[in-house]
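Here is input_39.tsv, consisting of TSV, C-alpha atoms (C1' of nucleotides):
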```
chain	number	residue	atom	x	y	z
R	30	MET	CA	11.44	-4.98	9.77
R	31	ALA	CA	9.69	-1.86	11.03
R	32	GLU	CA	10.46	-0.87	14.59
R	33	LEU	CA	8.09	-0.69	17.49
R	34	SER	CA	5.98	2.40	17.60
R	35	ASP	CA	6.78	4.82	20.31
R	36	SER	CA	3.62	6.18	21.83
R	37	THR	CA	5.46	8.04	24.54
R	38	SER	CA	4.03	11.44	25.30
R	39	GLU	CA	5.69	14.37	23.66
R	40	THR	CA	5.00	17.50	25.57
R	41	ALA	CA	4.97	21.02	24.24
R	42	ASN	CA	7.52	21.62	21.55
R	43	SER	CA	7.61	24.56	19.18
R	44	ASN	CA	3.89	24.52	18.86
R	45	SER	CA	1.77	24.10	21.95
R	46	GLU	CA	-1.89	24.81	21.57
R	47	THR	CA	-4.66	22.59	22.80
R	48	VAL	CA	-3.55	19.61	20.78
R	49	ALA	CA	-3.46	16.08	22.04
R	50	THR	CA	0.04	14.74	22.36
R	51	LYS	CA	-0.73	11.21	23.34
R	52	VAL	CA	-2.79	8.37	22.13
R	53	GLU	CA	-3.97	6.66	25.26
R	54	PRO	CA	-6.07	3.52	25.56
R	55	LEU	CA	-9.79	4.09	25.83
R	56	GLU	CA	-12.04	2.60	28.47
R	57	VAL	CA	-13.71	-0.41	26.88
R	58	SER	CA	-16.19	-2.76	28.43
R	59	LEU	CA	-15.00	-5.88	26.64
R	60	SER	CA	-11.51	-7.23	26.23
R	61	PRO	CA	-10.35	-7.75	22.65
R	62	GLN	CA	-10.72	-11.46	23.30
R	63	GLU	CA	-14.35	-11.01	24.39
R	64	ARG	CA	-15.10	-8.67	21.59
R	65	PHE	CA	-13.75	-11.17	19.10
R	66	SER	CA	-15.86	-13.91	20.65
R	67	GLU	CA	-18.96	-11.83	20.11
R	68	TYR	CA	-17.99	-11.26	16.53
R	69	LEU	CA	-17.46	-14.96	15.95
R	70	GLN	CA	-20.71	-15.89	17.61
R	71	SER	CA	-22.68	-13.32	15.69
R	72	ARG	CA	-21.49	-14.91	12.48
R	73	GLY	CA	-21.69	-18.52	13.53
R	74	LEU	CA	-17.91	-18.88	13.38
R	75	ARG	CA	-15.85	-21.00	15.72
R	76	GLN	CA	-13.80	-20.30	18.77
R	77	THR	CA	-10.54	-22.08	18.05
R	78	SER	CA	-7.34	-22.26	20.03
R	79	GLN	CA	-5.44	-20.68	17.16
R	80	ARG	CA	-7.73	-17.68	17.06
R	81	LYS	CA	-7.56	-17.19	20.81
R	82	PHE	CA	-3.81	-17.46	20.80
R	83	LEU	CA	-3.42	-15.00	17.95
R	84	ILE	CA	-5.66	-12.39	19.55
R	85	ASP	CA	-3.58	-12.66	22.70
R	86	GLN	CA	-0.39	-12.16	20.77
R	87	VAL	CA	-1.74	-9.30	18.73
R	88	PHE	CA	-2.97	-7.39	21.75
R	89	SER	CA	-0.08	-8.22	24.06
R	90	GLN	CA	1.61	-4.96	23.13
R	91	HIS	CA	0.37	-1.76	21.56
R	92	GLU	CA	2.41	-1.46	18.44
R	93	HIS	CA	2.15	-1.57	14.70
R	94	PHE	CA	3.10	-4.73	12.94
R	95	ASP	CA	2.80	-6.61	9.70
R	96	ALA	CA	2.04	-10.26	9.10
R	97	GLU	CA	5.70	-11.11	8.76
R	98	GLU	CA	6.63	-9.55	12.09
R	99	LEU	CA	3.78	-11.28	13.84
R	100	ILE	CA	4.73	-14.65	12.39
R	101	GLU	CA	8.33	-14.12	13.44
R	102	ARG	CA	7.46	-13.86	17.09
R	103	LEU	CA	5.05	-16.81	17.01
R	104	PRO	CA	6.07	-20.41	17.79
R	105	ARG	CA	7.72	-22.25	14.89
R	106	ARG	CA	6.34	-25.27	13.17
R	107	GLY	CA	6.53	-28.23	15.52
R	108	GLU	CA	6.44	-26.09	18.66
R	109	ALA	CA	3.40	-25.70	20.90
R	110	ASN	CA	0.82	-23.19	19.72
R	111	TYR	CA	2.17	-23.21	16.20
R	112	VAL	CA	-0.17	-21.45	13.78
R	113	SER	CA	0.25	-21.69	10.04
R	114	THR	CA	0.88	-18.65	7.88
R	115	ALA	CA	-2.43	-19.15	6.15
R	116	THR	CA	-4.27	-19.01	9.44
R	117	VAL	CA	-2.38	-15.92	10.51
R	118	TYR	CA	-3.42	-14.13	7.35
R	119	ARG	CA	-6.97	-15.38	7.66
R	120	THR	CA	-7.21	-14.30	11.29
R	121	LEU	CA	-5.74	-10.87	10.65
R	122	ARG	CA	-8.41	-10.30	8.09
R	123	GLU	CA	-11.07	-11.37	10.55
R	124	CYS	CA	-9.66	-8.98	13.13
R	125	VAL	CA	-10.09	-6.16	10.67
R	126	ASP	CA	-13.66	-7.25	9.93
R	127	ALA	CA	-14.34	-7.50	13.62
R	128	GLY	CA	-13.12	-3.95	14.15
R	129	LEU	CA	-10.24	-5.03	16.35
R	130	LEU	CA	-7.55	-3.99	13.92
R	131	ASN	CA	-7.08	-1.44	11.23
R	132	SER	CA	-4.86	-2.07	8.29
R	133	PHE	CA	-3.09	0.15	5.82
R	134	GLN	CA	-0.39	-0.07	3.20
R	135	LEU	CA	3.06	1.30	3.82
R	136	ASP	CA	6.08	0.70	1.63
R	137	GLY	CA	4.24	-2.15	-0.03
R	138	ARG	CA	3.50	-4.11	3.11
R	139	THR	CA	0.23	-4.24	5.02
R	140	VAL	CA	0.55	-2.70	8.45
R	141	TYR	CA	-1.87	-3.48	11.27
R	142	ASP	CA	-2.81	-1.10	13.98
R	143	HIS	CA	-4.92	-1.57	17.11
R	144	ASP	CA	-8.33	-0.14	16.47
R	145	TYR	CA	-10.36	-1.53	19.33
R	146	GLY	CA	-9.62	0.19	22.60
R	147	TYR	CA	-7.75	3.09	21.05
R	148	PRO	CA	-9.00	6.42	19.80
R	149	GLN	CA	-8.97	7.33	16.14
R	150	HIS	CA	-5.52	8.55	15.20
R	151	ASP	CA	-3.14	9.10	12.31
R	152	HIS	CA	0.54	8.50	11.74
R	153	LEU	CA	3.90	10.11	11.40
R	154	TYR	CA	6.28	7.84	9.55
R	155	CYS	CA	10.03	8.22	9.81
R	156	THR	CA	11.55	7.33	6.47
R	157	ARG	CA	14.93	6.80	8.10
R	158	CYS	CA	14.20	4.41	10.97
R	159	ARG	CA	10.76	3.36	9.72
R	160	LYS	CA	9.20	4.10	13.06
R	161	LEU	CA	5.51	4.91	13.15
R	162	LEU	CA	4.31	7.52	15.62
R	163	GLU	CA	0.71	8.31	16.35
R	164	PHE	CA	-1.05	11.62	16.56
R	165	GLN	CA	-4.58	12.79	17.03
R	166	SER	CA	-6.23	15.83	15.58
R	167	ASP	CA	-9.87	16.69	15.74
R	168	GLU	CA	-9.25	19.52	13.32
R	169	LEU	CA	-8.03	17.01	10.78
R	170	VAL	CA	-11.27	15.13	11.08
R	171	GLU	CA	-13.21	18.35	10.63
R	172	ILE	CA	-11.37	19.15	7.45
R	173	ARG	CA	-11.93	15.63	6.26
R	174	ASP	CA	-15.66	15.97	6.76
R	175	GLN	CA	-15.68	19.38	5.14
R	176	MET	CA	-13.86	18.13	2.07
R	177	ALA	CA	-16.06	15.09	1.81
R	178	ALA	CA	-19.21	17.18	2.10
R	179	LEU	CA	-17.94	19.50	-0.58
R	180	HIS	CA	-17.72	16.59	-2.99
R	181	GLY	CA	-20.88	14.83	-1.91
R	182	PHE	CA	-18.89	12.03	-0.36
R	183	ARG	CA	-20.13	9.90	2.50
R	184	VAL	CA	-17.04	9.26	4.62
R	185	GLU	CA	-16.31	5.73	5.74
R	186	SER	CA	-12.79	6.26	6.98
R	187	HIS	CA	-9.59	8.04	6.22
R	188	ARG	CA	-5.90	7.46	6.40
R	189	MET	CA	-3.27	10.13	6.79
R	190	ILE	CA	0.41	9.46	6.94
R	191	ILE	CA	2.97	12.19	7.33
R	192	SER	CA	6.37	11.06	6.15
R	193	GLY	CA	9.56	12.68	7.26
R	194	VAL	CA	12.42	12.37	9.67
R	195	CYS	CA	11.82	11.89	13.37
R	196	ARG	CA	13.53	13.84	16.11
R	197	GLU	CA	15.92	11.04	16.99
R	198	CYS	CA	17.03	10.51	13.43
R	199	SER	CA	17.56	14.23	12.95
R	200	ARG	CA	19.72	14.32	16.07
R	201	ARG	CA	21.68	11.30	14.97
R	202	ARG	CA	22.27	12.87	11.62
R	203	ARG	CA	23.36	16.19	13.07
R	204	LYS	CA	25.74	14.45	15.45
R	205	LYS	CA	27.22	12.46	12.63
R	206	ARG	CA	27.78	15.57	10.56
R	207	LYS	CA	29.61	17.20	13.45
R	208	GLN	CA	31.80	14.16	13.90
R	209	ASP	CA	32.56	14.14	10.21
R	210	LEU	CA	33.86	17.67	10.50
R	211	VAL	CA	36.33	16.79	13.26
N	16	MET	CA	-9.15	-1.83	-12.97
N	17	ALA	CA	-9.57	1.53	-11.27
N	18	GLU	CA	-11.58	4.07	-13.18
N	19	LEU	CA	-10.43	7.38	-14.50
N	20	SER	CA	-10.35	10.15	-11.97
N	21	ASP	CA	-12.90	12.83	-12.38
N	22	SER	CA	-11.38	16.21	-11.73
N	23	THR	CA	-14.52	18.07	-12.69
N	24	SER	CA	-15.28	21.06	-10.55
N	25	GLU	CA	-17.78	20.60	-7.77
N	26	THR	CA	-19.19	23.88	-6.69
N	27	ALA	CA	-20.66	24.74	-3.34
N	28	ASN	CA	-22.47	21.94	-1.69
N	29	SER	CA	-23.49	21.80	1.93
N	30	ASN	CA	-20.32	23.48	2.99
N	31	SER	CA	-19.05	26.47	1.08
N	32	GLU	CA	-16.27	28.46	2.62
N	33	THR	CA	-13.12	29.57	0.87
N	34	VAL	CA	-12.09	26.10	-0.12
N	35	ALA	CA	-10.67	25.14	-3.45
N	36	THR	CA	-12.95	22.86	-5.40
N	37	LYS	CA	-10.71	22.09	-8.33
N	38	VAL	CA	-7.25	20.86	-8.94
N	39	GLU	CA	-6.14	22.75	-12.00
N	40	PRO	CA	-2.84	22.45	-13.86
N	41	LEU	CA	-0.14	24.85	-12.78
N	42	GLU	CA	1.90	27.04	-15.07
N	43	VAL	CA	5.18	25.28	-15.62
N	44	SER	CA	8.12	26.44	-17.71
N	45	LEU	CA	9.16	22.99	-18.89
N	46	SER	CA	7.08	20.23	-20.36
N	47	PRO	CA	7.22	16.90	-18.53
N	48	GLN	CA	9.32	15.65	-21.41
N	49	GLU	CA	11.82	18.48	-20.99
N	50	ARG	CA	11.86	18.16	-17.28
N	51	PHE	CA	12.63	14.47	-17.58
N	52	SER	CA	15.44	15.23	-20.02
N	53	GLU	CA	17.02	17.52	-17.49
N	54	TYR	CA	16.74	14.85	-14.85
N	55	LEU	CA	18.37	12.28	-17.09
N	56	GLN	CA	21.16	14.62	-18.11
N	57	SER	CA	21.87	15.65	-14.55
N	58	ARG	CA	22.46	12.03	-13.71
N	59	GLY	CA	24.25	10.99	-16.83
N	60	LEU	CA	21.40	8.75	-17.89
N	61	ARG	CA	20.28	8.18	-21.44
N	62	GLN	CA	17.54	9.56	-23.57
N	63	THR	CA	15.93	6.49	-25.06
N	64	SER	CA	12.95	6.11	-27.35
N	65	GLN	CA	11.22	3.97	-24.72
N	66	ARG	CA	11.55	6.62	-22.05
N	67	LYS	CA	10.29	9.35	-24.35
N	68	PHE	CA	7.36	7.26	-25.43
N	69	LEU	CA	6.41	6.38	-21.88
N	70	ILE	CA	6.51	9.98	-20.67
N	71	ASP	CA	4.23	10.91	-23.54
N	72	GLN	CA	1.80	8.20	-22.62
N	73	VAL	CA	1.88	8.97	-18.92
N	74	PHE	CA	1.19	12.65	-19.42
N	75	SER	CA	-1.28	12.31	-22.28
N	76	GLN	CA	-4.16	12.45	-19.79
N	77	HIS	CA	-4.45	13.66	-16.24
N	78	GLU	CA	-5.57	10.63	-14.37
N	79	HIS	CA	-4.44	8.16	-11.80
N	80	PHE	CA	-3.16	4.84	-12.97
N	81	ASP	CA	-1.18	1.82	-11.95
N	82	ALA	CA	1.47	-0.10	-13.86
N	83	GLU	CA	-1.01	-2.64	-15.10
N	84	GLU	CA	-3.34	-0.05	-16.54
N	85	LEU	CA	-0.50	1.75	-18.24
N	86	ILE	CA	0.82	-1.46	-19.75
N	87	GLU	CA	-2.65	-2.32	-20.99
N	88	ARG	CA	-2.92	0.75	-23.13
N	89	LEU	CA	0.61	0.41	-24.50
N	90	PRO	CA	1.48	-1.43	-27.74
N	91	ARG	CA	1.75	-5.21	-27.37
N	92	ARG	CA	4.86	-7.23	-27.90
N	93	GLY	CA	5.72	-7.24	-31.58
N	94	GLU	CA	3.96	-3.94	-32.31
N	95	ALA	CA	5.72	-0.64	-32.86
N	96	ASN	CA	6.79	1.19	-29.70
N	97	TYR	CA	6.50	-1.93	-27.60
N	98	VAL	CA	8.06	-1.46	-24.18
N	99	SER	CA	8.70	-4.37	-21.85
N	100	THR	CA	7.10	-4.63	-18.44
N	101	ALA	CA	10.47	-4.35	-16.77
N	102	THR	CA	11.15	-1.08	-18.53
N	103	VAL	CA	7.74	0.27	-17.64
N	104	TYR	CA	8.38	-0.42	-13.96
N	105	ARG	CA	11.88	0.99	-14.18
N	106	THR	CA	10.68	4.14	-15.89
N	107	LEU	CA	7.83	4.70	-13.47
N	108	ARG	CA	10.32	4.64	-10.67
N	109	GLU	CA	12.48	7.15	-12.44
N	110	CYS	CA	9.50	9.40	-12.95
N	111	VAL	CA	8.93	9.39	-9.22
N	112	ASP	CA	12.60	10.17	-8.59
N	113	ALA	CA	12.44	12.92	-11.15
N	114	GLY	CA	9.46	14.47	-9.40
N	115	LEU	CA	7.15	13.92	-12.34
N	116	LEU	CA	4.97	11.40	-10.59
N	117	ASN	CA	3.88	10.61	-7.11
N	118	SER	CA	3.05	7.13	-6.04
N	119	PHE	CA	1.03	5.65	-3.25
N	120	GLN	CA	-0.47	2.33	-2.25
N	121	LEU	CA	-4.16	1.68	-2.55
N	122	ASP	CA	-5.81	-1.71	-2.16
N	123	GLY	CA	-2.43	-3.35	-2.57
N	124	ARG	CA	-1.56	-1.78	-5.88
N	125	THR	CA	0.77	1.14	-6.51
N	126	VAL	CA	-1.10	4.12	-7.89
N	127	TYR	CA	0.65	6.89	-9.78
N	128	ASP	CA	-0.44	10.47	-9.80
N	129	HIS	CA	0.82	13.46	-11.79
N	130	ASP	CA	3.01	15.52	-9.55
N	131	TYR	CA	4.75	17.82	-11.99
N	132	GLY	CA	2.48	20.54	-13.26
N	133	TYR	CA	-0.19	20.00	-10.65
N	134	PRO	CA	-0.62	21.52	-7.22
N	135	GLN	CA	-0.26	19.45	-4.06
N	136	HIS	CA	-3.51	17.65	-3.40
N	137	ASP	CA	-5.07	14.72	-1.60
N	138	HIS	CA	-7.66	12.13	-2.49
N	139	LEU	CA	-11.16	10.96	-1.94
N	140	TYR	CA	-11.54	7.32	-2.78
N	141	CYS	CA	-14.88	5.74	-3.57
N	142	THR	CA	-14.89	2.22	-2.23
N	143	ARG	CA	-17.78	1.33	-4.51
N	144	CYS	CA	-16.61	2.44	-7.95
N	145	ARG	CA	-12.94	2.81	-7.00
N	146	LYS	CA	-12.80	6.28	-8.44
N	147	LEU	CA	-10.21	8.67	-7.09
N	148	LEU	CA	-11.15	12.31	-6.72
N	149	GLU	CA	-8.77	15.08	-5.83
N	150	PHE	CA	-9.10	17.84	-3.31
N	151	GLN	CA	-6.90	20.60	-2.01
N	152	SER	CA	-6.79	22.01	1.46
N	153	ASP	CA	-4.28	24.47	2.80
N	154	GLU	CA	-5.68	23.94	6.26
N	155	LEU	CA	-4.81	20.29	6.02
N	156	VAL	CA	-1.21	21.20	5.29
N	157	GLU	CA	-1.19	23.56	8.25
N	158	ILE	CA	-2.38	20.84	10.57
N	159	ARG	CA	0.18	18.49	9.12
N	160	ASP	CA	2.97	20.94	9.88
N	161	GLN	CA	1.59	21.61	13.34
N	162	MET	CA	1.46	17.91	14.18
N	163	ALA	CA	4.91	17.33	12.79
N	164	ALA	CA	6.36	20.22	14.76
N	165	LEU	CA	4.74	18.91	17.91
N	166	HIS	CA	6.63	15.66	17.52
N	167	GLY	CA	9.88	17.13	16.30
N	168	PHE	CA	9.32	15.72	12.86
N	169	ARG	CA	10.78	17.22	9.71
N	170	VAL	CA	8.08	16.75	7.08
N	171	GLU	CA	9.03	15.34	3.73
N	172	SER	CA	5.57	14.62	2.40
N	173	HIS	CA	2.20	13.36	3.38
N	174	ARG	CA	-0.57	11.28	1.99
N	175	MET	CA	-4.20	11.55	2.93
N	176	ILE	CA	-6.93	9.39	1.51
N	177	ILE	CA	-10.54	9.74	2.51
N	178	SER	CA	-12.47	6.58	1.74
N	179	GLY	CA	-16.19	6.52	1.36
N	180	VAL	CA	-18.96	6.54	-1.19
N	181	CYS	CA	-19.08	9.14	-3.92
N	182	ARG	CA	-22.14	11.13	-4.87
N	183	GLU	CA	-22.85	9.06	-7.97
N	184	CYS	CA	-22.68	5.78	-6.13
N	185	SER	CA	-24.92	7.09	-3.38
N	186	ARG	CA	-27.47	8.16	-5.97
N	187	ARG	CA	-27.28	4.86	-7.74
N	188	ARG	CA	-27.80	3.05	-4.47
N	189	ARG	CA	-30.73	5.20	-3.44
N	190	LYS	CA	-32.36	4.70	-6.83
N	191	LYS	CA	-31.89	0.98	-6.59
N	192	ARG	CA	-33.47	0.88	-3.15
N	193	LYS	CA	-36.48	2.78	-4.47
N	194	GLN	CA	-36.83	0.37	-7.34
N	195	ASP	CA	-36.59	-2.54	-4.98
N	196	LEU	CA	-39.55	-1.16	-3.07
N	197	VAL	CA	-41.76	-0.97	-6.16
Y	12	DA	C1'	34.25	2.35	-27.28
Y	13	DT	C1'	32.04	2.60	-23.24
Y	14	DT	C1'	28.55	2.04	-20.40
Y	15	DC	C1'	23.91	2.34	-19.68
Y	16	DA	C1'	19.21	0.52	-21.13
Y	17	DT	C1'	16.37	-2.99	-22.74
Y	18	DG	C1'	13.92	-7.41	-23.15
Y	19	DC	C1'	13.39	-11.72	-21.52
Y	20	DA	C1'	12.67	-15.03	-18.24
Y	21	DA	C1'	13.42	-16.37	-13.79
Y	22	DA	C1'	13.26	-14.97	-9.12
Y	23	DT	C1'	11.09	-12.50	-5.16
Y	24	DT	C1'	7.79	-11.10	-1.99
Y	25	DC	C1'	3.56	-11.06	0.03
Y	26	DT	C1'	-0.75	-13.13	0.21
Y	27	DT	C1'	-4.43	-16.26	-1.14
Y	28	DT	C1'	-6.47	-20.75	-2.31
Y	29	DG	C1'	-7.62	-25.84	-2.95
Y	30	DC	C1'	-8.03	-29.65	-0.58
Y	31	DA	C1'	-7.69	-33.39	2.77
Y	32	DT	C1'	-8.00	-33.71	7.55
Y	33	DC	C1'	-9.33	-32.07	12.07
Y	34	DA	C1'	-12.16	-30.10	15.60
Y	35	DG	C1'	-15.99	-26.94	17.52
Y	36	DC	C1'	-20.72	-26.75	18.26
E	22	DG	C1'	-22.21	-35.58	12.61
E	23	DC	C1'	-22.15	-31.51	10.25
E	24	DT	C1'	-19.67	-27.71	8.76
E	25	DG	C1'	-16.36	-24.53	9.47
E	26	DA	C1'	-11.13	-24.23	10.50
E	27	DT	C1'	-6.53	-25.59	9.89
E	28	DG	C1'	-2.11	-26.84	7.73
E	29	DC	C1'	0.16	-27.75	3.81
E	30	DA	C1'	1.74	-26.90	-0.51
E	31	DA	C1'	0.84	-24.86	-4.61
E	32	DA	C1'	-0.92	-20.92	-6.98
E	33	DG	C1'	-1.30	-15.93	-7.67
E	34	DA	C1'	-0.39	-11.11	-8.25
E	35	DA	C1'	2.75	-7.45	-8.48
E	36	DT	C1'	7.23	-6.19	-8.94
E	37	DT	C1'	12.27	-6.86	-9.26
E	38	DT	C1'	16.56	-8.82	-10.94
E	39	DG	C1'	20.39	-11.26	-13.69
E	40	DC	C1'	22.14	-11.43	-17.84
E	41	DA	C1'	23.10	-11.22	-22.78
E	42	DT	C1'	22.34	-8.06	-26.36
E	43	DG	C1'	21.54	-3.55	-28.25
E	44	DA	C1'	21.87	1.49	-28.39
E	45	DA	C1'	23.21	6.38	-26.73
E	46	DT	C1'	26.80	9.38	-25.88
```

Write the structure described by the file as structure tokens, please.
Amino acid sequence: MAELSDSTSETANSNSETVATKVEPLEVSLSPQERFSEYLQSRGLRQTSQRKFLIDQVFSQHEHFDAEELIERLPRRGEANYVSTATVYRTLRECVDAGLLNSFQLDGRTVYDHDYGYPQHDHLYCTRCRKLLEFQSDELVEIRDQMAALHGFRVESHRMIISGVCRECSRRRRKKRKQDLV
Amino acid sequence: MAELSDSTSETANSNSETVATKVEPLEVSLSPQERFSEYLQSRGLRQTSQRKFLIDQVFSQHEHFDAEELIERLPRRGEANYVSTATVYRTLRECVDAGLLNSFQLDGRTVYDHDYGYPQHDHLYCTRCRKLLEFQSDELVEIRDQMAALHGFRVESHRMIISGVCRECSRRRRKKRKQDLV
DNA sequence: ATTCATGCAAATTCTTTGCATCAGC
DNA sequence: GCTGATGCAAAGAATTTGCATGAAT
């Protein structure tokens, strides 16, 4: 349903201070696969072919997805490497526990986001094409901590989503309006 | 399920700059009821006893709630002023359209928040007691606009939720730990 | 009179669970 | 071999929808 996220760099626009414009992979010592192994071992859980396969799939591309989308691109029942829906849901949850994925709710569905190997970031959500874009802001985190402190809150995490219309959709719309006038 | 929100003022804590500590009602010329009437009229929709009753209920206290909680405190089937689940859901949606309520997803449920008559604000969510606290930050809005501009986004709205542990729950926990040591 | 709104129950959607069987360790 | 993991189907939870009836304009 939702489209791939576009983490292409967007250089200076109207506003160009010292703000990060990209969310680039971090240097990490362990692969997601290895990291997951450690997690499993630490809890006495098992290394199964399904889990390995799913981690591979999930980290094969840096994009946001929901359970449905993941299942769609997985082998069907009867095919090699088939994994049942139940196991997909169970494994996604484990990925979140393991710190590999982050999850949040959007339009009623649960969206997953690579956590391991990527810096903390937030999202711009286009309500027209449903694309999710990432952004980073240290200032945002400062404000978060300030607000939390003010209310005696110990921060565990935060989630910010800016909804609106992306550049492409605005262009498309403008173009369409022009055409309509002709 | 979720508790009432506590919009009690929290004055200067560790961090006291010029930050708002309260989310107070705004002056509005129309009551929610009147505002909803206008919305209905403008769309040729009807003024029904169920709708009136629901608006009264929804605005009788400033708190966050979900459909289930609302339905729970409404008259049961057979009693006076009974409103069916379907109508509750339909009306909540209309309230959002009408700009009376805001809705967002939290822990899989849809939470509603008074929009009309209250200033824009964001939330602190206690993962222990599930309480929602409000905060306001103009700086946050500035950063939002800056980030949006940077990506060529036209902002429609945003949603920020800071999750963590509230003061009361921290206290409770600390107390419990002390007791455990005795 | 029209047409929209309501109540009801059934349908949806997304996700979780119970349980028999299977497979890591 | 023990115990956790999987697949399956069935159950759940939250919300929506189809439709006949009732009510607002």

Handout entry: Among listed residues E:DG22, E:DG33, E:DG28, E:DA44, nearest chain N (using all atoms listed in the file)
Key = E:DA44

Fill in the blank from the handout: CA of Leu121 in chain R sits from CA of Asp81 in chain N at a separation of 26.3 Å

Exercise for the section: Counting only C-alpha atoms, figure out which residue out of R:Met176, R:Val52, R:Leu210, R:Ala115 gets nearest to Glu92 in chain R. Expected result: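 The closest residue to Glu92 in chain R is R:Val52.
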
Practice task
Quick one: everything within 8 Å of DT17 in chain Y, counting all atoms listed in the file, minus sequence neighbours fewer than 6 positions away in the same chain. Send it as a list in words.
Solution key: Ser99 and Thr102 of chain N; DG43 of chain E

Problem - CA of Arg138 in chain R to CA of Arg102 in chain R, straight-line distance in Å - result: 17.5 Å

Practice task
Up to 8 Å from chain N, what residues of chain E turn up? Count all atoms listed in the file and give them as a VMD selection string.
Solution key: chain E and resid 35 to 36 45 to 46

Handout entry: Using all atoms listed in the file: which of N:Tyr133, N:Tyr97, N:Tyr127, N:Phe119 has the shortest distance to chain R
Key = N:Phe119

Wanna dump the chain Y-chain R contacts at 8 Å for me, each residue with its shortest atom pair and the distance in Å to one decimal, counting only C-alpha atoms (C1' of nucleotides), ordered by chain and number, as JSON lines?
```
{"residue": "Y:DC25", "atom": "C1'", "partner": "R:Arg138", "partner_atom": "CA", "distance": 7.6}
{"residue": "Y:DT26", "atom": "C1'", "partner": "R:Tyr118", "partner_atom": "CA", "distance": 7.7}
{"residue": "Y:DG35", "atom": "C1'", "partner": "R:Arg75", "partner_atom": "CA", "distance": 6.2}
{"residue": "Y:DC36", "atom": "C1'", "partner": "R:Arg75", "partner_atom": "CA", "distance": 8.0}
```

Practice task
Just give me the gap between CA of Gln72 in chain N and C1' of DC19 in chain Y in Å, one decimal is fine.
Solution key: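 If I compute the distance from CA of Gln72 in chain N to C1' of DC19 in chain Y, I get 23.1 Å.
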
Practice task
Find the spatial neighbours of Asp142 in chain R, counting all atoms listed in the file, within a cut-off of 12 Å - ignore same-chain residues fewer than 6 positions away - and output them as a PyMOL selection string.
Solution key: chain R and resi 33-34+87-88+90-96+121+124-125+128-135+148-152+161-163+188

Any chance you could export the current selection's C-alpha atoms as a tab-separated table (two decimals), in the frame of the given file?
```
chain	number	residue	atom	x	y	z
R	33	LEU	CA	8.09	-0.69	17.49
R	34	SER	CA	5.98	2.40	17.60
R	87	VAL	CA	-1.74	-9.30	18.73
R	88	PHE	CA	-2.97	-7.39	21.75
R	90	GLN	CA	1.61	-4.96	23.13
R	91	HIS	CA	0.37	-1.76	21.56
R	92	GLU	CA	2.41	-1.46	18.44
R	93	HIS	CA	2.15	-1.57	14.70
R	94	PHE	CA	3.10	-4.73	12.94
R	95	ASP	CA	2.80	-6.61	9.70
R	96	ALA	CA	2.04	-10.26	9.10
R	121	LEU	CA	-5.74	-10.87	10.65
R	124	CYS	CA	-9.66	-8.98	13.13
R	125	VAL	CA	-10.09	-6.16	10.67
R	128	GLY	CA	-13.12	-3.95	14.15
R	129	LEU	CA	-10.24	-5.03	16.35
R	130	LEU	CA	-7.55	-3.99	13.92
R	131	ASN	CA	-7.08	-1.44	11.23
R	132	SER	CA	-4.86	-2.07	8.29
R	133	PHE	CA	-3.09	0.15	5.82
R	134	GLN	CA	-0.39	-0.07	3.20
R	135	LEU	CA	3.06	1.30	3.82
R	148	PRO	CA	-9.00	6.42	19.80
R	149	GLN	CA	-8.97	7.33	16.14
R	150	HIS	CA	-5.52	8.55	15.20
R	151	ASP	CA	-3.14	9.10	12.31
R	152	HIS	CA	0.54	8.50	11.74
R	161	LEU	CA	5.51	4.91	13.15
R	162	LEU	CA	4.31	7.52	15.62
R	163	GLU	CA	0.71	8.31	16.35
R	188	ARG	CA	-5.90	7.46	6.40
```

Exercise for the section: Can you pull out every residue within 9 Å of range 28-32 of chain Y, counting only C-alpha atoms (C1' of nucleotides), but drop anything in the same chain fewer than 2 positions away, and send it as a list of chain:residue names? Expected result: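 Skipping anything fewer than 2 positions along the chain leaves E:DT27, E:DA31, E:DA32, E:DG33.
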
Exercise for the section: Identify the residues within 12 Å of coordinate (24.0, -13.0, -20.5) (same frame as the file), considering only C-alpha atoms (C1' of nucleotides), and give the answer as a list in words. Expected result: DG18, DC19 and DA20 of chain Y; DG39, DC40, DA41 and DT42 of chain E
